[in-house]
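To be precise, the following lines are structure-v5.cif, and they hold mmCIF, C-alpha atoms.
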```cif
data_coords
#
loop_
_atom_site.label_atom_id
_atom_site.label_comp_id
_atom_site.auth_asym_id
_atom_site.auth_seq_id
_atom_site.Cartn_x
_atom_site.Cartn_y
_atom_site.Cartn_z
CA MET A 23 84.36 128.03 102.23
CA SER A 24 86.29 126.78 99.24
CA THR A 25 89.73 125.29 99.42
CA SER A 26 92.49 126.68 97.25
CA LEU A 27 94.68 124.09 95.59
CA ASN A 28 97.52 124.28 93.12
CA ILE A 29 97.48 121.20 90.98
CA ALA A 30 99.93 120.27 88.25
CA ILE A 31 98.76 117.89 85.55
CA ALA A 32 101.57 116.00 83.87
CA GLU A 33 100.04 114.18 80.95
CA PRO A 34 101.21 114.01 77.34
CA SER A 35 97.73 113.86 75.80
CA ALA A 36 96.24 117.33 75.32
CA ILE A 37 92.76 115.80 75.17
CA ILE A 38 93.07 114.00 78.48
CA ARG A 39 94.77 117.02 80.04
CA GLY A 40 92.02 119.34 78.85
CA GLY A 41 89.31 116.94 79.96
CA LEU A 42 90.74 116.51 83.42
CA GLU A 43 91.17 120.26 83.70
CA ALA A 44 87.51 120.84 82.83
CA VAL A 45 86.40 118.29 85.43
CA LEU A 46 88.65 119.72 88.14
CA LYS A 47 87.58 123.29 87.55
CA ARG A 48 83.94 122.37 88.01
CA LEU A 49 84.44 120.60 91.34
CA PRO A 50 82.39 122.29 94.03
CA GLY A 51 84.23 123.46 97.13
CA PHE A 52 87.57 123.92 95.44
CA ARG A 53 89.36 126.83 93.87
CA ILE A 54 91.88 125.10 91.72
CA GLN A 55 94.85 126.66 89.95
CA LEU A 56 96.13 124.38 87.25
CA ILE A 57 99.55 124.00 85.77
CA GLU A 58 99.89 121.94 82.64
CA ILE A 59 102.96 119.86 81.96
CA ALA A 60 103.06 118.20 78.57
CA THR A 61 106.45 116.55 78.47
CA ALA A 62 108.82 114.80 80.85
CA GLU A 63 111.53 117.40 80.21
CA LEU A 64 109.39 120.18 81.65
CA LEU A 65 108.37 118.17 84.71
CA GLN A 66 111.14 119.03 87.14
CA GLU A 67 111.55 122.64 86.17
CA THR A 68 107.83 123.32 86.40
CA LEU A 69 107.47 121.65 89.78
CA ARG A 70 110.45 123.55 91.07
CA SER A 71 109.08 126.91 90.03
CA HIS A 72 105.41 126.37 90.88
CA LYS A 73 105.57 124.15 93.97
CA PRO A 74 102.07 122.71 93.49
CA ASP A 75 100.14 121.04 96.31
CA MET A 76 99.37 118.07 94.14
CA LEU A 77 100.68 116.44 91.03
CA ILE A 78 98.39 114.31 88.88
CA ILE A 79 100.70 112.41 86.64
CA ASN A 80 100.61 109.81 83.92
CA PRO A 81 102.91 107.09 85.36
CA SER A 82 104.57 106.61 81.99
CA LEU A 83 106.05 110.12 82.17
CA PRO A 84 108.44 109.73 85.08
CA GLY A 85 109.25 106.13 84.10
CA PHE A 86 111.20 104.50 86.88
CA TYR A 87 111.98 107.77 88.52
CA THR A 88 110.51 107.41 92.00
CA MET A 89 108.06 109.98 93.29
CA GLN A 90 110.03 110.35 96.50
CA LEU A 91 113.13 111.37 94.59
CA LEU A 92 111.11 113.76 92.44
CA LYS A 93 109.65 115.43 95.54
CA GLU A 94 113.06 115.86 97.09
CA GLU A 95 114.83 117.11 93.99
CA THR A 96 112.20 119.71 93.22
CA GLY A 97 111.81 120.82 96.84
CA CYS A 98 108.12 119.80 96.85
CA THR A 99 108.31 117.53 99.88
CA GLU A 100 104.69 118.16 100.87
CA MET A 101 103.31 117.57 97.40
CA LYS A 102 100.88 114.68 96.93
CA CYS A 103 101.36 112.56 93.83
CA ILE A 104 98.40 110.95 92.14
CA ALA A 105 98.76 108.46 89.31
CA LEU A 106 96.50 109.10 86.33
CA LEU A 107 95.48 105.72 84.95
CA TYR A 108 94.05 104.76 81.57
CA ALA A 109 94.03 101.06 82.40
CA VAL A 110 95.03 98.48 84.96
CA ALA A 111 98.52 99.13 86.25
CA ASP A 112 101.18 97.23 88.14
CA HIS A 113 100.70 97.37 91.91
CA ALA A 114 104.40 97.75 92.51
CA LEU A 115 104.32 100.91 90.40
CA LEU A 116 101.25 102.32 92.12
CA ARG A 117 102.74 101.90 95.57
CA LEU A 118 104.96 104.88 94.76
CA TYR A 119 101.93 107.18 94.58
CA ASP A 120 99.73 108.71 97.26
CA ASP A 121 96.58 107.86 95.33
CA GLN A 122 95.30 107.18 91.85
CA ILE A 123 92.67 108.62 89.54
CA SER A 124 91.28 106.55 86.70
CA ILE A 125 90.04 108.34 83.61
CA TYR A 126 86.68 106.64 84.30
CA ASP A 127 86.34 108.15 87.79
CA SER A 128 83.27 110.31 88.33
CA PRO A 129 83.79 113.96 89.40
CA GLU A 130 82.35 112.93 92.77
CA GLU A 131 85.01 110.25 93.25
CA ILE A 132 87.74 112.67 92.22
CA ARG A 133 86.48 115.22 94.69
CA HIS A 134 86.57 112.68 97.52
CA LYS A 135 90.12 111.74 96.64
CA LEU A 136 91.29 115.37 96.59
CA GLU A 137 89.59 116.06 99.89
CA ARG A 138 91.05 112.99 101.52
CA LEU A 139 94.54 113.89 100.34
CA HIS A 140 94.35 117.55 101.09
CA MET A 141 92.39 118.07 104.25
CA PRO A 142 93.72 117.05 107.58
CA PRO A 143 91.00 114.89 109.18
CA GLU A 144 90.18 117.28 112.03
CA LYS A 145 89.36 120.10 109.61
CA GLU A 146 85.78 118.98 109.07
CA ILE A 147 85.00 119.15 112.75
CA GLU A 148 86.50 122.61 112.97
CA ASN A 149 84.14 123.90 110.34
CA GLU A 150 81.21 122.98 112.52
CA GLU A 151 82.58 124.79 115.52
CA GLN A 152 81.32 128.29 116.26
CA GLN A 153 83.47 131.14 115.10
CA THR A 154 83.17 133.56 118.00
CA LEU A 155 85.98 133.79 120.50
CA SER A 156 85.85 132.06 123.88
CA ALA A 157 86.48 134.02 127.08
CA ARG A 158 90.00 132.60 127.28
CA GLU A 159 90.71 133.57 123.69
CA LYS A 160 89.53 137.10 124.38
CA GLU A 161 91.92 137.32 127.34
CA ILE A 162 94.71 136.29 125.03
CA VAL A 163 93.74 138.88 122.41
CA VAL A 164 93.99 141.55 125.11
CA CYS A 165 97.47 140.40 126.09
CA VAL A 166 98.62 140.27 122.48
CA VAL A 167 97.47 143.78 121.67
CA LYS A 168 99.16 145.07 124.80
CA GLY A 169 102.36 143.85 123.23
CA MET A 170 103.06 140.86 125.50
CA THR A 171 105.16 137.98 124.22
CA ASN A 172 103.85 134.41 124.21
CA ARG A 173 106.08 133.67 127.21
CA GLU A 174 104.64 136.61 129.16
CA ILE A 175 101.09 135.64 128.26
CA ALA A 176 101.75 132.08 129.38
CA ASP A 177 103.07 133.27 132.75
CA ARG A 178 100.22 135.69 133.30
CA LEU A 179 97.46 133.19 132.51
CA PHE A 180 99.20 130.12 133.96
CA LEU A 181 99.36 128.33 130.66
CA SER A 182 102.15 126.69 128.72
CA THR A 183 103.55 128.68 125.79
CA HIS A 184 102.45 125.80 123.60
CA THR A 185 98.83 126.37 124.67
CA VAL A 186 99.17 130.10 124.04
CA VAL A 187 100.40 129.40 120.52
CA THR A 188 97.47 127.05 119.90
CA HIS A 189 95.03 129.68 121.16
CA ARG A 190 96.60 132.31 118.91
CA ARG A 191 96.32 130.02 115.92
CA ASN A 192 92.63 129.44 116.67
CA ILE A 193 92.02 133.16 117.09
CA ALA A 194 93.64 133.90 113.73
CA ARG A 195 91.55 131.22 112.07
CA LYS A 196 88.25 132.31 113.61
CA LEU A 197 88.69 136.02 112.94
CA GLN A 198 90.71 135.72 109.73
CA VAL A 199 93.01 138.27 111.31
CA HIS A 200 96.67 137.46 111.75
CA SER A 201 98.50 140.68 112.53
CA VAL A 202 98.77 142.36 115.90
CA SER A 203 97.52 145.64 114.47
CA GLY A 204 94.50 143.80 113.05
CA LEU A 205 93.76 142.25 116.44
CA THR A 206 94.05 145.72 117.94
CA VAL A 207 91.25 146.93 115.70
CA TYR A 208 89.17 143.94 116.78
CA ALA A 209 89.91 144.54 120.47
CA ILE A 210 89.09 148.25 120.34
CA VAL A 211 85.90 147.79 118.36
CA ASN A 212 84.70 145.09 120.74
CA LYS A 213 85.73 147.15 123.76
CA LEU A 214 88.13 144.53 125.09
CA VAL A 215 90.77 147.20 125.68
CA GLU A 216 91.03 150.95 125.68
CA LEU A 217 93.40 152.95 123.59
CA ASN A 218 95.40 153.95 126.71
CA ASP A 219 96.10 150.29 127.51
CA ILE A 220 97.94 149.79 124.30
CA HIS A 221 101.59 150.39 124.00
CA LEU A 222 101.73 152.65 120.96
CA MET B 22 83.60 136.68 78.69
CA LYS B 23 85.34 135.70 75.53
CA ASN B 24 86.49 132.17 74.97
CA GLY B 25 90.10 131.42 74.25
CA LYS B 26 93.00 133.73 74.09
CA TYR B 27 93.40 137.23 72.75
CA ARG B 28 95.62 137.64 69.72
CA GLU B 29 97.37 140.45 67.93
CA THR B 30 94.36 140.84 65.67
CA SER B 31 91.78 141.09 68.49
CA LYS B 32 90.34 144.53 68.94
CA MET B 33 91.75 146.43 71.91
CA SER B 34 88.27 147.66 72.81
CA ASP B 35 86.97 144.06 72.97
CA LEU B 36 89.70 143.11 75.41
CA ILE B 37 88.98 146.04 77.70
CA CYS B 38 85.20 145.76 77.55
CA ASP B 39 85.30 142.03 78.33
CA ASN B 40 87.74 142.46 81.20
CA TYR B 41 87.66 145.94 82.62
CA PRO B 42 90.62 145.44 85.02
CA MET B 43 92.75 145.23 81.86
CA VAL B 44 92.43 148.98 81.56
CA LEU B 45 95.01 149.15 84.35
CA VAL B 46 97.30 146.71 82.59
CA MET B 47 97.06 148.78 79.46
CA SER B 48 97.90 151.98 81.23
CA ARG B 49 100.85 150.32 83.03
CA PHE B 50 102.25 149.37 79.66
CA GLY B 51 101.97 153.02 78.70
CA ILE B 52 98.98 152.82 76.37
CA ASP B 53 96.51 155.68 76.54
CA LEU B 54 92.77 155.52 76.05
CA GLY B 55 91.34 156.65 72.74
CA PHE B 56 92.66 153.72 70.70
CA GLY B 57 89.62 153.74 68.41
CA GLU B 58 88.94 150.60 66.39
CA LYS B 59 92.57 149.47 66.29
CA ASN B 60 93.58 145.94 67.13
CA ILE B 61 96.00 144.98 69.90
CA GLY B 62 98.98 144.60 67.59
CA GLU B 63 98.45 148.02 66.00
CA VAL B 64 98.03 149.76 69.34
CA CYS B 65 101.17 148.11 70.74
CA ARG B 66 103.29 148.97 67.71
CA GLN B 67 102.06 152.53 67.76
CA ASN B 68 103.09 152.86 71.41
CA LYS B 69 106.36 150.97 70.83
CA ILE B 70 105.40 148.18 73.19
CA ASP B 71 106.35 144.57 72.75
CA THR B 72 103.08 142.99 71.58
CA GLN B 73 104.01 139.50 72.74
CA THR B 74 104.65 140.65 76.30
CA PHE B 75 101.41 142.59 76.42
CA LEU B 76 99.45 139.59 75.12
CA THR B 77 101.16 137.22 77.52
CA VAL B 78 100.24 139.37 80.50
CA VAL B 79 96.62 139.96 79.49
CA ASN B 80 96.03 136.35 78.53
CA PHE B 81 97.59 135.20 81.76
CA LEU B 82 95.43 137.54 83.83
CA THR B 83 92.16 136.97 81.99
CA GLU B 84 92.44 133.20 82.27
CA THR B 85 92.26 133.56 86.01
CA GLU B 86 92.04 129.88 86.85
CA THR B 87 94.97 128.56 84.93
CA ALA B 88 98.58 129.12 85.72
CA PRO B 89 100.55 129.37 82.49
CA VAL B 90 102.20 126.43 80.86
CA ALA B 91 105.91 126.27 81.41
CA GLU B 92 107.21 127.48 78.06
CA ILE B 93 105.16 130.66 77.93
CA HIS B 94 108.04 132.89 78.99
CA LYS B 95 110.17 132.20 75.93
CA ASP B 96 109.02 135.09 73.77
CA ILE B 97 108.44 137.89 76.21
CA SER B 98 110.57 140.99 76.49
CA ILE B 99 111.91 141.18 80.02
CA SER B 100 112.57 144.90 79.87
CA SER B 101 108.95 145.54 78.84
CA LEU B 102 107.80 143.38 81.71
CA ILE B 103 109.98 145.33 84.15
CA THR B 104 108.55 148.61 82.88
CA TYR B 105 105.09 147.20 83.41
CA LEU B 106 105.86 146.04 86.97
CA HIS B 107 107.55 149.32 87.81
CA ASN B 108 104.55 151.32 86.62
CA ALA B 109 102.29 149.08 88.68
CA HIS B 110 104.38 149.80 91.78
CA ASP B 111 104.17 153.48 91.07
CA TYR B 112 100.39 153.20 90.76
CA PHE B 113 99.98 151.35 94.07
CA LEU B 114 102.38 153.46 96.09
CA ASN B 115 101.78 156.90 94.69
CA PHE B 116 98.16 156.73 93.70
CA ARG B 117 96.12 153.80 94.96
CA LEU B 118 97.13 153.55 98.59
CA PRO B 119 97.22 157.31 99.32
CA HIS B 120 93.85 157.62 97.60
CA ILE B 121 92.31 154.87 99.75
CA ARG B 122 93.80 156.34 102.90
CA HIS B 123 92.34 159.71 102.14
CA LYS B 124 88.91 158.30 101.44
CA LEU B 125 89.02 155.93 104.39
CA THR B 126 89.90 158.72 106.81
CA GLU B 127 86.98 160.72 105.58
CA ALA B 128 84.61 157.74 105.67
CA ILE B 129 85.30 156.82 109.28
CA VAL B 130 85.13 160.34 110.59
CA SER B 131 81.86 159.70 112.40
CA CYS B 132 82.87 156.50 114.15
CA PRO B 133 84.35 156.56 117.69
CA LYS B 134 87.73 158.28 117.86
CA ASP B 135 89.65 155.29 119.20
CA VAL B 136 88.29 153.00 116.49
CA ALA B 137 89.15 155.49 113.76
CA PHE B 138 92.62 155.73 115.24
CA VAL B 139 93.37 152.02 115.19
CA ILE B 140 91.91 151.55 111.72
CA ARG B 141 94.12 154.34 110.39
CA ARG B 142 97.11 152.92 112.20
CA PHE B 143 96.41 149.51 110.68
CA PHE B 144 96.23 151.01 107.23
CA ASP B 145 99.45 152.97 107.66
CA GLU B 146 101.31 149.88 108.81
CA TYR B 147 99.97 148.04 105.82
CA ALA B 148 100.98 150.76 103.38
CA GLU B 149 104.44 150.71 104.95
CA GLU B 150 104.70 146.97 104.31
CA VAL B 151 103.69 147.38 100.69
CA HIS B 152 106.31 150.10 100.36
CA LYS B 153 109.02 147.84 101.71
CA HIS B 154 107.92 144.94 99.54
CA MET B 155 107.94 146.97 96.35
CA LEU B 156 111.02 148.97 97.20
CA TYR B 157 112.98 145.76 97.53
CA GLU B 158 111.96 144.83 94.01
CA GLU B 159 112.81 148.29 92.70
CA LYS B 160 116.15 148.59 94.48
CA THR B 161 117.41 145.04 94.38
CA VAL B 162 115.58 142.78 91.96
CA PHE B 163 115.12 145.06 88.95
CA PRO B 164 118.70 146.43 88.94
CA TYR B 165 119.94 142.83 89.19
CA VAL B 166 117.84 141.83 86.19
CA ARG B 167 118.81 144.91 84.17
CA ASN B 168 122.46 144.03 84.71
CA LEU B 169 121.76 140.44 83.79
CA LEU B 170 120.21 141.62 80.52
CA GLU B 171 123.43 143.46 79.77
CA GLY B 172 125.35 140.29 80.42
CA LYS B 173 126.62 141.30 83.85
CA LYS B 174 126.02 138.52 86.35
CA ASP B 175 126.01 139.27 90.05
CA PRO B 176 127.70 136.32 91.75
CA LYS B 177 126.02 137.11 95.07
CA TYR B 178 122.42 137.28 93.90
CA ASN B 179 119.96 135.18 91.96
CA ILE B 180 116.24 135.28 91.34
CA SER B 181 115.59 132.29 93.60
CA ILE B 182 116.48 134.49 96.58
CA PHE B 183 113.65 136.77 95.54
CA ARG B 184 111.30 133.87 94.90
CA ARG B 185 111.79 132.53 98.40
CA ARG B 186 111.19 135.82 100.16
CA HIS B 187 108.37 137.04 97.94
CA ASP B 188 105.28 137.07 100.13
CA GLN B 189 101.64 137.60 99.37
CA ILE B 190 101.25 141.30 99.85
CA GLU B 191 97.45 141.26 99.55
CA MET B 192 96.93 139.17 102.70
CA LYS B 193 96.84 142.10 105.05
CA ILE B 194 94.46 144.19 103.01
CA THR B 195 92.17 141.17 103.14
CA GLU B 196 92.33 141.53 106.92
CA LEU B 197 91.32 145.16 106.73
CA LYS B 198 88.38 144.21 104.55
CA ASN B 199 87.31 141.52 107.04
CA LEU B 200 87.63 143.86 110.00
CA ILE B 201 85.53 146.60 108.41
CA LEU B 202 82.91 144.16 107.13
CA LYS B 203 82.49 142.30 110.38
CA TYR B 204 83.20 144.78 113.13
CA TYR B 205 82.80 148.33 111.89
CA PRO B 206 80.76 150.01 114.64
CA GLY B 207 79.71 153.28 113.01
CA PRO B 208 76.79 153.95 110.72
CA ASP B 209 77.10 152.64 107.20
CA SER B 210 77.70 155.29 104.57
CA ASP B 211 77.98 155.56 100.81
CA LEU B 212 81.54 156.73 101.17
CA LEU B 213 82.49 153.76 103.36
CA ASN B 214 80.94 151.36 100.85
CA SER B 215 82.90 153.06 98.14
CA VAL B 216 86.13 152.60 100.13
CA LEU B 217 85.23 148.94 100.56
CA PHE B 218 84.86 148.59 96.80
CA ASP B 219 88.26 150.22 96.37
CA ILE B 220 89.70 147.77 98.86
CA PHE B 221 88.13 144.78 97.08
CA ALA B 222 89.55 145.99 93.79
CA THR B 223 92.99 146.65 95.26
CA GLU B 224 93.07 143.23 96.89
CA GLN B 225 92.42 141.63 93.49
CA ASP B 226 94.82 143.91 91.73
CA LEU B 227 97.65 143.19 94.16
CA ALA B 228 97.00 139.47 93.92
CA SER B 229 97.19 139.62 90.10
CA HIS B 230 100.30 141.74 90.32
CA ASN B 231 101.96 139.14 92.51
CA ARG B 232 100.86 136.36 90.19
CA VAL B 233 102.52 138.10 87.25
CA GLU B 234 105.70 138.33 89.29
CA ASP B 235 105.61 134.72 90.44
CA TYR B 236 104.46 133.01 87.28
CA LEU B 237 105.76 135.19 84.44
CA PHE B 238 108.59 137.31 85.73
CA VAL B 239 110.43 134.81 87.94
CA PRO B 240 110.32 131.93 85.40
CA ALA B 241 111.53 134.30 82.68
CA ILE B 242 114.50 135.36 84.82
CA LEU B 243 115.21 131.74 85.79
CA SER B 244 115.62 130.83 82.15
CA LEU B 245 117.65 133.98 81.49
CA GLU B 246 120.01 132.96 84.29
CA LYS B 247 120.51 129.58 82.68
CA GLN B 248 121.66 131.07 79.38
#
```

Once more with this new file: its structure as structure tokens, please.
Amino acid sequence: MSTSLNIAIAEPSAIIRGGLEAVLKRLPGFRIQLIEIATAELLQETLRSHKPDMLIINPSLPGFYTMQLLKEETGCTEMKCIALLYAVADHALLRLYDDQISIYDSPEEIRHKLERLHMPPEKEIENEEQQTLSAREKEIVVCVVKGMTNREIADRLFLSTHTVVTHRRNIARKLQVHSVSGLTVYAIVNKLVELNDIHL
Amino acid sequence: MKNGKYRETSKMSDLICDNYPMVLVMSRFGIDLGFGEKNIGEVCRQNKIDTQTFLTVVNFLTETETAPVAEIHKDISISSLITYLHNAHDYFLNFRLPHIRHKLTEAIVSCPKDVAFVIRRFFDEYAEEVHKHMLYEEKTVFPYVRNLLEGKKDPKYNISIFRRRHDQIEMKITELKNLILKYYPGPDSDLLNSVLFDIFATEQDLASHNRVEDYLFVPAILSLEKQ
């Protein structure tokens, strides 16, 4: 499964920008949408309208503007900022960034950095896990398609609502189905419920 | 696939043959088939369509991986873009979705009654959502922008309101695709496969449509608002 990422590249040199773009697009396991930013003036506006997941930026562009401030002002609080380095840079400057990419990094190194920044650590374990629903998850599907609220499901199955929510999130992830009407199709096809059981 | 961007002097037939989904873009701009050997600029002028807007949209959609650079929206005609988006809505609501529903109903006729029922219900709910989504744009966003173009600013509305509430309308059709692929209990049929292909195509088409709205339309209106 490939990961979708929106990445903005803020770099004045068209050659470096183009080169980095070519490297990023070829990375296996990622589907990357790129946004190019060539000048400092366009930086804020572009971030505000595109809300990328990551920003790879030449540290000379923002100057002494801190990354934290940039994230807040553009409403991209979750965005990761990566410094794009041509040469050795001041440590005090680099502390402002989440990570750094040197123009001599191999595609492999870049891929590791993107993965580390993007994926929550538990994600890799999840991928290994089987994708069919557990008995408990099936019970919850049945309740959901009958139109019960999380609270009602929790009471019926003696769980906390928090646990119900976690189960529902796992169900959606395993089946790639998020809507109640989608789960209904799943439940009917797999004979977990009958049409009469459902509140139509 | 051709390298680089299409220009005014590129042949219309090259564009369409390299990227067949562009036939839909062309028709939404109001260009008919039968354009002969003419180039894009000639065809656009003949049909009184803003060439720059047409080129911006096709170049944006054919370079699928790259979101456009920030200044791209400077030379497009907003009213042409609205006509394009409106025609796309018309296509989805009045042709594409009813057509899929009709075919889908026929394709699942031999599967168990209850399954056919819930699949149809799922589809109808989905179509209803698409209706709401597009109707909001037709009734609220486009009139707002048309007024803005005439210099009338609505103090209570701005395009950022739209940007925040604009959701990915293709998500749920992706669900339908997954459900049929993974769990469809009846016998496979040519008609069902054909519906699946329609669904794949519509999923892509809706995603591109949304991308045009998010990355071309909204930025263009943002800069119009600043003027």

Separation of CA of Ala137 (chain B) from CA of Pro206 (chain B), in Å and rounded to one decimal: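 If I compute the distance from CA of Ala137 (chain B) to CA of Pro206 (chain B), I get 10.1 Å.
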
Contacts of region 204-206 of chain A at 7 Å or less, counting only C-alpha atoms, minus same-chain residues fewer than 2 places along, as a ChimeraX atom specification? /A:163,167,199-202,208-210 /B:139,143,196

For chain B against chain A, which residues fall within 12 Å using all atoms listed in the file, given as a short mmCIF file (atom, residue, chain, number, x, y, z; two decimals) with C-alpha atoms, in the frame of the given file?
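The result, written out as out-v4.cif:
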```
data_model
loop_
_atom_site.label_atom_id
_atom_site.label_comp_id
_atom_site.auth_asym_id
_atom_site.auth_seq_id
_atom_site.Cartn_x
_atom_site.Cartn_y
_atom_site.Cartn_z
CA GLU B 84 92.44 133.20 82.27
CA THR B 85 92.26 133.56 86.01
CA GLU B 86 92.04 129.88 86.85
CA THR B 87 94.97 128.56 84.93
CA ALA B 88 98.58 129.12 85.72
CA PRO B 89 100.55 129.37 82.49
CA VAL B 90 102.20 126.43 80.86
CA ALA B 91 105.91 126.27 81.41
CA GLU B 92 107.21 127.48 78.06
CA ILE B 93 105.16 130.66 77.93
CA CYS B 132 82.87 156.50 114.15
CA PRO B 133 84.35 156.56 117.69
CA LYS B 134 87.73 158.28 117.86
CA ASP B 135 89.65 155.29 119.20
CA VAL B 136 88.29 153.00 116.49
CA ALA B 137 89.15 155.49 113.76
CA PHE B 138 92.62 155.73 115.24
CA VAL B 139 93.37 152.02 115.19
CA ILE B 140 91.91 151.55 111.72
CA ARG B 141 94.12 154.34 110.39
CA ARG B 142 97.11 152.92 112.20
CA PHE B 143 96.41 149.51 110.68
CA PHE B 144 96.23 151.01 107.23
CA ASP B 145 99.45 152.97 107.66
CA GLU B 146 101.31 149.88 108.81
CA TYR B 147 99.97 148.04 105.82
CA ILE B 180 116.24 135.28 91.34
CA SER B 181 115.59 132.29 93.60
CA ARG B 184 111.30 133.87 94.90
CA ARG B 185 111.79 132.53 98.40
CA MET B 192 96.93 139.17 102.70
CA LYS B 193 96.84 142.10 105.05
CA ILE B 194 94.46 144.19 103.01
CA THR B 195 92.17 141.17 103.14
CA GLU B 196 92.33 141.53 106.92
CA LEU B 197 91.32 145.16 106.73
CA LYS B 198 88.38 144.21 104.55
CA ASN B 199 87.31 141.52 107.04
CA LEU B 200 87.63 143.86 110.00
CA ILE B 201 85.53 146.60 108.41
CA LEU B 202 82.91 144.16 107.13
CA LYS B 203 82.49 142.30 110.38
CA TYR B 204 83.20 144.78 113.13
CA TYR B 205 82.80 148.33 111.89
CA PRO B 206 80.76 150.01 114.64
CA GLY B 207 79.71 153.28 113.01
CA ARG B 232 100.86 136.36 90.19
CA GLU B 234 105.70 138.33 89.29
CA ASP B 235 105.61 134.72 90.44
CA TYR B 236 104.46 133.01 87.28
CA LEU B 237 105.76 135.19 84.44
CA PHE B 238 108.59 137.31 85.73
CA VAL B 239 110.43 134.81 87.94
CA PRO B 240 110.32 131.93 85.40
CA ALA B 241 111.53 134.30 82.68
CA ILE B 242 114.50 135.36 84.82
CA LEU B 243 115.21 131.74 85.79
CA SER B 244 115.62 130.83 82.15
CA LYS B 247 120.51 129.58 82.68
#
```

Can you tell me how far CA of Val64 (chain B) sits from CA of Asp111 (chain B), in Å to one decimal?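 CA of Asp111 (chain B) lies 22.9 Å from CA of Val64 (chain B).
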
What is the CA of Leu170 (chain B) to CA of Thr104 (chain B) distance in Å?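 Separation of CA of Leu170 (chain B) and CA of Thr104 (chain B): 13.8 Å.
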
Hey, what's within 8 Å of region 109-124 of chain A if we count all atoms listed in the file and toss same-chain stuff fewer than 5 positions away? As a PyMOL selection string, please? chain A and resi 88-90+102-104+132+135+139

Taking the file above as input, evaluate the PyMOL selection byres ((chain A and resi 156) around 12) and report the hits as number ranges by chain. A: 151-155, 157-163, 189-190, 192-193, 196-197

For the file shown, what are the residues hit by the PyMOL selection byres ((chain B and resi 217) around 10), laid out as a ChimeraX atom specification? /B:121,125,197-198,201-202,211-216,218-223

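If all atoms listed in the file are the atoms counted, then among B:Glu63, B:Asp53, B:Glu171, B:Glu150 the closest residue to Ser100 (chain B) is B:Glu171.
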
Care to translate the PyMOL selection byres ((chain B and resi 227) around 10) into actual residues of this file, as number ranges by chain? B: 109-110, 113, 151, 189-192, 194, 222-226, 228-233

What's around region 155-159 of chain B at 9 Å? Count all atoms listed in the file, leave out sequence neighbours fewer than 3 positions away in its own chain, and write the answer as a PyMOL selection string. chain B and resi 107+110+114+150-152+162-164+183

Could you check which of B:Asn115, B:Thr83, B:Ser31, B:Leu76 is closest to Ile97 (chain B), using all atoms listed in the file?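 Distance minimum relative to Ile97 (chain B) lands on B:Leu76.
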